[in-house]
Amino acid sequence: MSEFAVEMHNVTKVFGDVVAVDHVTMGIRQNEFFAMLGPSGCGKTTSLRLIAGFERPTTGEIFIDGKPVGNTPPFQRDVNTVFQSYALFPHMTVEQNVGFGLEMKGTPHAELKRRVMQALELVRLPHLATRYPHQMSGGQQQRVALARALVNRPKVLLLDEPLGALDAKLRKEMQLELKTLQREIGITFVFVTHDQEEALSMSDRIAVFSRGKVLQIGTPLEIYERPNCRFVADFIGETNFIEGTVSEVRNGFAVLQSNGRTFVGRAGENVQPGIPAVLSVRPEKVQLVEQPATSVNSYDVRVMSVAYVGSDTRVVVRLGEQDIDVWEQNSVSTLDPNYFFAPGETAWLTFPPENALILTD
Amino acid sequence: MATESTVVYLGEHTETWPPRELQRPSLGTFALVAVTLFTFAFLYVPIVVLVFFSFNSARSGAVWEQFSLRWYERVLSNPRILEAAMNSLIVALLATLGSVVIGTLMALAMERYRFRSQPLWDGLLYLPVIVPEIVMGISLLLFFAAVRLERGIVTLVISHIAFCMPFVYLTMRARLADFDRSLEEAAQDLGANEWVTFRRITLPLLMPGIISSALLAFTLSLDDFVISFFVTGVGSQTLPVYIWGQIRRGVTPEVNAISTLMLALSIILVLISQLLQRRQRV
Ligand SMILES: Nc1ncnc2c1ncn2[C@@H]1O[C@H](COP(=O)(O)OP(=O)(O)OP(=O)(O)O)[C@@H](O)[C@H]1O
Ligand SMILES: [Mg+2]
C-alpha cells in the first residue's frame, strides 16, 4: 500500500482559455481527512473531478493508491463521489439508490441487501429505505448520498461541498457526524469546501487553493498560525495587515519599516531585506495596555470603537492612518464599564514578535 | 412603511375589481367580446356539426332525422375503409418508431457534443417545422421518382418519419436541456459503464418525454393528408387520403363517422401526451 491514497503530480487542467487547475502537486495520505479550501472558482471542483475521472488532466499525472490512473474511466476507479447536488436517482428508492454501486459490481442479492441496510444504519436512515428522494429533507438526502458512496467501501471518498445546501444548524451536526464516521470506518476523505471554519474544525490537513494553484498544504494549526503568504493569512480567519519594506532578516525574524514605524515579526517564506512585504497579526494576538512593558512592537493608538460581544470585546484602534482590530478576551467577570477602554481614549497597542508574521504576496 | 404602502396599493386594486370597463361596457368592449365569440364559433361549430350529423340516421346531411349508429356500422364493415385505416395505423406506428428513435438520438447528440457550426445544424433540424407541407410533399415525390422508389407504404413511412422527426427532436431537446447530467456522472462513479448508465438512468428519466413525443408523432402521422397525398400509391391509401377520395363524390354521413372517430382518437392521444407532460413537471 502506498503512503498516499491520492497524488497529483504537476496537474494542469485548461478549459478553453481558463486555467482551472494550475500545476497542482499534492499527496493525500491514507485515511486522512483532507480538505480543499478556497474561494469560488479556484479549481476545487475541477481537482475533485480530475481525481474521480470526469475530467482528464491537460498535463500532469494522477495516482490513486500509488498507481497512475491515466485514462481509466470513472466507473473503473476505486473512488466514490458525494456530489454537491447529491445527484440521487429520482426514479429509484433510497434502497435502490444505495444498492446501485453494489449491483454494478454483481454483488449477490442477499449480501447486497445486508450491506445496504448496514450503510443506511450508519447514516441512521434505515426506516426510510423505501422512500423516494423527493420525499425526503435536504439533510436526509445528503445522508443517502453519503451511504450510496460509502456502501462500496472505496479507497477514497470525494465530497464536493456536501454540506453546502444545509442550514447552519444541520450543517454543524453533519460536520460532527461526518468526522466521527470518517474516524470509525477509516477511509480517506477528500472534502471540498469554501467554508474555512468547516475546514479548520474537521480536517487533518488542508490545501488552500487560489486561482487554480495550491498555495499551502498543512494542518489546520499550521495554516492558521503559519500562513505562508498574504492570501492564506487573509483567507483563513481574521487578520490585520501593515504594509512596508523589509529592512533586516535575522534568526527567523524580520524587521519591517512602515510610515516611520518599526515592526518585528517572524520572517515568512522569501522574505529578504529591501523587498516590500506585509506584517500580519491576528486580532486576538495583540493587546491594548495603558503602559507598555517593552518598546518592541508597542505603539500609541487612539480607540475608535468598542463592541462587547460576550466572550470577547472587539476594539478598533487607529494606528497612524490605519485601523487595527483588537479582540480582547473577557477573562474577568465584571459589571464595571470602566474596566473596558472607551472610544476616544488613547492606549498602547502591543504584541510580541512571535505573534506576528512578515509575509510576501 | 413599505408594508403600509403595499396595503394601500392592494386596496386600490381591489377597488377596481371587477374592472371598470366591465361595469360600464363600452362599444369597444362589445366589439372585443363579439370577435372572441365569433372566433370560437368559427373554430368549433363546423366540427360540432360534423360530429352531430355522424349520429344522424338520414342519408342527406342537411336535416336531422333521429339518433343512429348506422353510419358507424357501415364504416366498420366497409373493407376499403378498414384497409385504409390499417394502412394509416401501420404507417403511423412505423413512422412513430422511426422518428422517435432518430429524433431522440439526434437530440442527445446535439445536446451532448458542442461544435462551432452547431447553431446552423440546429436550425436546419428545426426548419422542416416551418417548410410548407406542399413543398415537402412535392420534393419527396420528386426524390422518390429520382431514386426510382415505387410509391407505397415504404415511401409513406419514410416521408412521415421525415416530417415527424423535427417535432420529436424539438420536444426531446427541451427535455434534455433540463436533464441533470450529474445523475449520469453519479451512475458512472458507482461503476456503471456508458451503456448501463444510458439504460438505467438516462432512458428511464427521458421516458415521459419519449412517450409524449411518440404520441405527438403518432397523431401527426395519422392526421397527415398533404404529404401523404403526394407519396401514396395505389392500394396504400391512408385514411385521410381515402376520405378525400370519397368527398370528391360528395360528403356522405359515412365520412362524418370516420372523421369523428379520427377526431376522438387524436383528442385522446393529445390528452394522454399532455397528462404525461404535466406529471413529469411535478
Ligand atoms: N467545463 C468547464 N468548462 C469551462 N470552464 C470551466 C469548466 N469547469 C470549470 N470551469 C472553470 O474553471 C474554474 C474553476 O472552476 P471550479 O468549478 O473548479 O471552481 P470551484 O473552486 O469548485 O468553485 P466553487 O466554489 O464556486 O464551486 C472556473 O473559472 C470555472 O469557470
Ligand atoms: Mg465547486
# chains A, B, ... in the order shown; residues from 1 in each chain; ligands from 1
call {"tool": "interface_residues", "arguments": {"of": "chain B", "to": "chain A", "cutoff": "9 Å", "atoms": "only C-alpha atoms", "output": "ChimeraX atom specification"}}
result
/B:180-194,196,201,204-205
call {"tool": "residues_near_ligand", "arguments": {"ligand": "ligand 1", "cutoff": "9 Å", "atoms": "only C-alpha atoms and all ligand atoms", "output": "ChimeraX atom specification"}}
result
/A:13-21,36-49,55,84,160-161,192-194,209-212
call {"tool": "residues_around", "arguments": {"residues": "Val326 in chain A", "least_positions_apart": "5", "cutoff": "7 Å", "atoms": "only C-alpha atoms", "output": "PDB file with N, CA, C and O atoms, in the first residue's frame"}}
result
ATOM      1  N   PRO A 283      -6.228  39.600  15.271  1.00  0.00           N
ATOM      2  CA  PRO A 283      -6.811  40.494  16.290  1.00  0.00           C
ATOM      3  C   PRO A 283      -6.694  39.941  17.713  1.00  0.00           C
ATOM      4  O   PRO A 283      -6.608  40.711  18.655  1.00  0.00           O
ATOM      5  N   GLU A 284      -6.723  38.583  17.836  1.00  0.00           N
ATOM      6  CA  GLU A 284      -6.675  38.040  19.198  1.00  0.00           C
ATOM      7  C   GLU A 284      -5.243  37.927  19.706  1.00  0.00           C
ATOM      8  O   GLU A 284      -4.999  37.549  20.837  1.00  0.00           O
ATOM      9  N   VAL A 286      -3.016  40.542  19.617  1.00  0.00           N
ATOM     10  CA  VAL A 286      -2.490  41.851  20.015  1.00  0.00           C
ATOM     11  C   VAL A 286      -3.198  42.264  21.304  1.00  0.00           C
ATOM     12  O   VAL A 286      -4.273  41.760  21.628  1.00  0.00           O
ATOM     13  N   GLN A 287      -2.552  43.194  22.017  1.00  0.00           N
ATOM     14  CA  GLN A 287      -3.126  43.614  23.287  1.00  0.00           C
ATOM     15  C   GLN A 287      -3.183  45.122  23.360  1.00  0.00           C
ATOM     16  O   GLN A 287      -2.370  45.816  22.742  1.00  0.00           O
ATOM     17  N   ARG A 314     -14.470  43.579  21.111  1.00  0.00           N
ATOM     18  CA  ARG A 314     -13.812  43.882  19.843  1.00  0.00           C
ATOM     19  C   ARG A 314     -13.572  45.383  19.744  1.00  0.00           C
ATOM     20  O   ARG A 314     -14.519  46.165  19.669  1.00  0.00           O
ATOM     21  N   VAL A 315     -12.328  45.732  19.745  1.00  0.00           N
ATOM     22  CA  VAL A 315     -11.940  47.132  19.756  1.00  0.00           C
ATOM     23  C   VAL A 315     -11.284  47.463  18.428  1.00  0.00           C
ATOM     24  O   VAL A 315     -10.517  46.644  17.887  1.00  0.00           O
ATOM     25  N   VAL A 316     -11.626  48.640  17.893  1.00  0.00           N
ATOM     26  CA  VAL A 316     -10.917  49.125  16.716  1.00  0.00           C
ATOM     27  C   VAL A 316     -10.086  50.317  17.154  1.00  0.00           C
ATOM     28  O   VAL A 316     -10.607  51.239  17.786  1.00  0.00           O
TER      29      VAL A 316
END
call {"tool": "select_by_dssp", "arguments": {"residues": "range 52-197 of chain B", "states": "helix (DSSP H, G or I)", "output": "MDAnalysis selection string"}}
result
chainID B and resid 52:54 70:76 79:112 118:129 133:146 153:177 182:189 194:197
call {"tool": "residues_around", "arguments": {"residues": "range 126-138 of chain B", "least_positions_apart": "5", "cutoff": "10 Å", "atoms": "only C-alpha atoms", "output": "list in words"}}
result
Leu120, Trp121, Phe143, Phe144, Ser159, Ala162, Phe163, Cys164, Met165, Pro166, Phe167, Tyr169, Leu170, Asp224, Phe225, Val226, Ile227, Ser228, Phe229, Phe230 and Val231 of chain B
call {"tool": "residues_around", "arguments": {"residues": "Ser213 in chain B", "least_positions_apart": "6", "cutoff": "9 Å", "atoms": "only C-alpha atoms", "output": "list of chain:residue names"}}
result
B:Thr96, B:Val100, B:Phe167, B:Val168, B:Tyr169, B:Thr171, B:Met172, B:Ser273
call {"tool": "write_last_selection", "arguments": {"atoms": "N, CA, C and O atoms", "output": "PDB file, in the first residue's frame"}}
result
ATOM      1  N   THR B  96     -43.761   6.561 -36.137  1.00  0.00           N
ATOM      2  CA  THR B  96     -43.524   6.946 -34.742  1.00  0.00           C
ATOM      3  C   THR B  96     -42.228   6.333 -34.246  1.00  0.00           C
ATOM      4  O   THR B  96     -41.355   7.005 -33.702  1.00  0.00           O
ATOM      5  N   VAL B 100     -39.102   8.673 -33.457  1.00  0.00           N
ATOM      6  CA  VAL B 100     -38.732   8.786 -32.047  1.00  0.00           C
ATOM      7  C   VAL B 100     -37.286   8.336 -31.842  1.00  0.00           C
ATOM      8  O   VAL B 100     -36.514   9.013 -31.162  1.00  0.00           O
ATOM      9  N   PHE B 167     -40.351  17.348 -34.849  1.00  0.00           N
ATOM     10  CA  PHE B 167     -41.177  17.588 -33.666  1.00  0.00           C
ATOM     11  C   PHE B 167     -40.666  16.786 -32.473  1.00  0.00           C
ATOM     12  O   PHE B 167     -40.614  17.267 -31.344  1.00  0.00           O
ATOM     13  N   VAL B 168     -40.271  15.541 -32.750  1.00  0.00           N
ATOM     14  CA  VAL B 168     -39.677  14.728 -31.690  1.00  0.00           C
ATOM     15  C   VAL B 168     -38.386  15.392 -31.212  1.00  0.00           C
ATOM     16  O   VAL B 168     -38.150  15.553 -30.010  1.00  0.00           O
ATOM     17  N   TYR B 169     -37.592  15.814 -32.183  1.00  0.00           N
ATOM     18  CA  TYR B 169     -36.312  16.447 -31.864  1.00  0.00           C
ATOM     19  C   TYR B 169     -36.512  17.671 -30.959  1.00  0.00           C
ATOM     20  O   TYR B 169     -35.850  17.813 -29.932  1.00  0.00           O
ATOM     21  N   THR B 171     -39.064  18.424 -28.999  1.00  0.00           N
ATOM     22  CA  THR B 171     -39.529  18.017 -27.671  1.00  0.00           C
ATOM     23  C   THR B 171     -38.374  17.481 -26.834  1.00  0.00           C
ATOM     24  O   THR B 171     -38.197  17.857 -25.674  1.00  0.00           O
ATOM     25  N   MET B 172     -37.568  16.620 -27.441  1.00  0.00           N
ATOM     26  CA  MET B 172     -36.501  15.981 -26.677  1.00  0.00           C
ATOM     27  C   MET B 172     -35.384  16.965 -26.326  1.00  0.00           C
ATOM     28  O   MET B 172     -34.777  16.862 -25.271  1.00  0.00           O
ATOM     29  N   SER B 273     -50.772  12.706 -23.965  1.00  0.00           N
ATOM     30  CA  SER B 273     -49.459  13.347 -24.049  1.00  0.00           C
ATOM     31  C   SER B 273     -49.367  14.540 -23.093  1.00  0.00           C
ATOM     32  O   SER B 273     -48.369  14.730 -22.400  1.00  0.00           O
TER      33      SER B 273
END
call {"tool": "atom_distance", "arguments": {"atom1": "CA of His23 in chain A", "atom2": "CA of Tyr224 in chain A"}}
result
23.9 Å
call {"tool": "atom_distance", "arguments": {"atom1": "CA of Val101 in chain B", "atom2": "CA of Gln277 in chain B"}}
result
18.9 Å
call {"tool": "closest_residue", "arguments": {"among": "A:Val214, A:Ala168, A:Leu159, A:Met136", "to": "ligand 2", "atoms": "only C-alpha atoms and all ligand atoms"}}
result
A:Leu159
call {"tool": "residues_around", "arguments": {"residues": "Glu121 in chain A", "least_positions_apart": "2", "cutoff": "12 Å", "atoms": "only C-alpha atoms", "output": "PyMOL selection string"}}
result
chain A and resi 95+98+114-119+123-129+143-144+146-147+150-151+181
call {"tool": "closest_residue", "arguments": {"among": "A:Gly218, A:Gly237, A:Gly260, A:Gly265", "to": "Glu354 in chain A", "atoms": "only C-alpha atoms"}}
result
A:Gly265
call {"tool": "atom_distance", "arguments": {"atom1": "CA of Tyr72 in chain B", "atom2": "CA of Glu254 in chain B"}}
result
7.0 Å
call {"tool": "residues_around", "arguments": {"residues": "Lys67 in chain A", "least_positions_apart": "2", "cutoff": "12 Å", "atoms": "only C-alpha atoms", "output": "list in words"}}
result
Met1, Ser2, Glu3, Phe4, Ala5, Val6, Glu7, Met8, Glu61, Ile62, Phe63, Ile64, Asp65, Val69, Gly70, Thr72, Arg77 and Asp78 of chain A
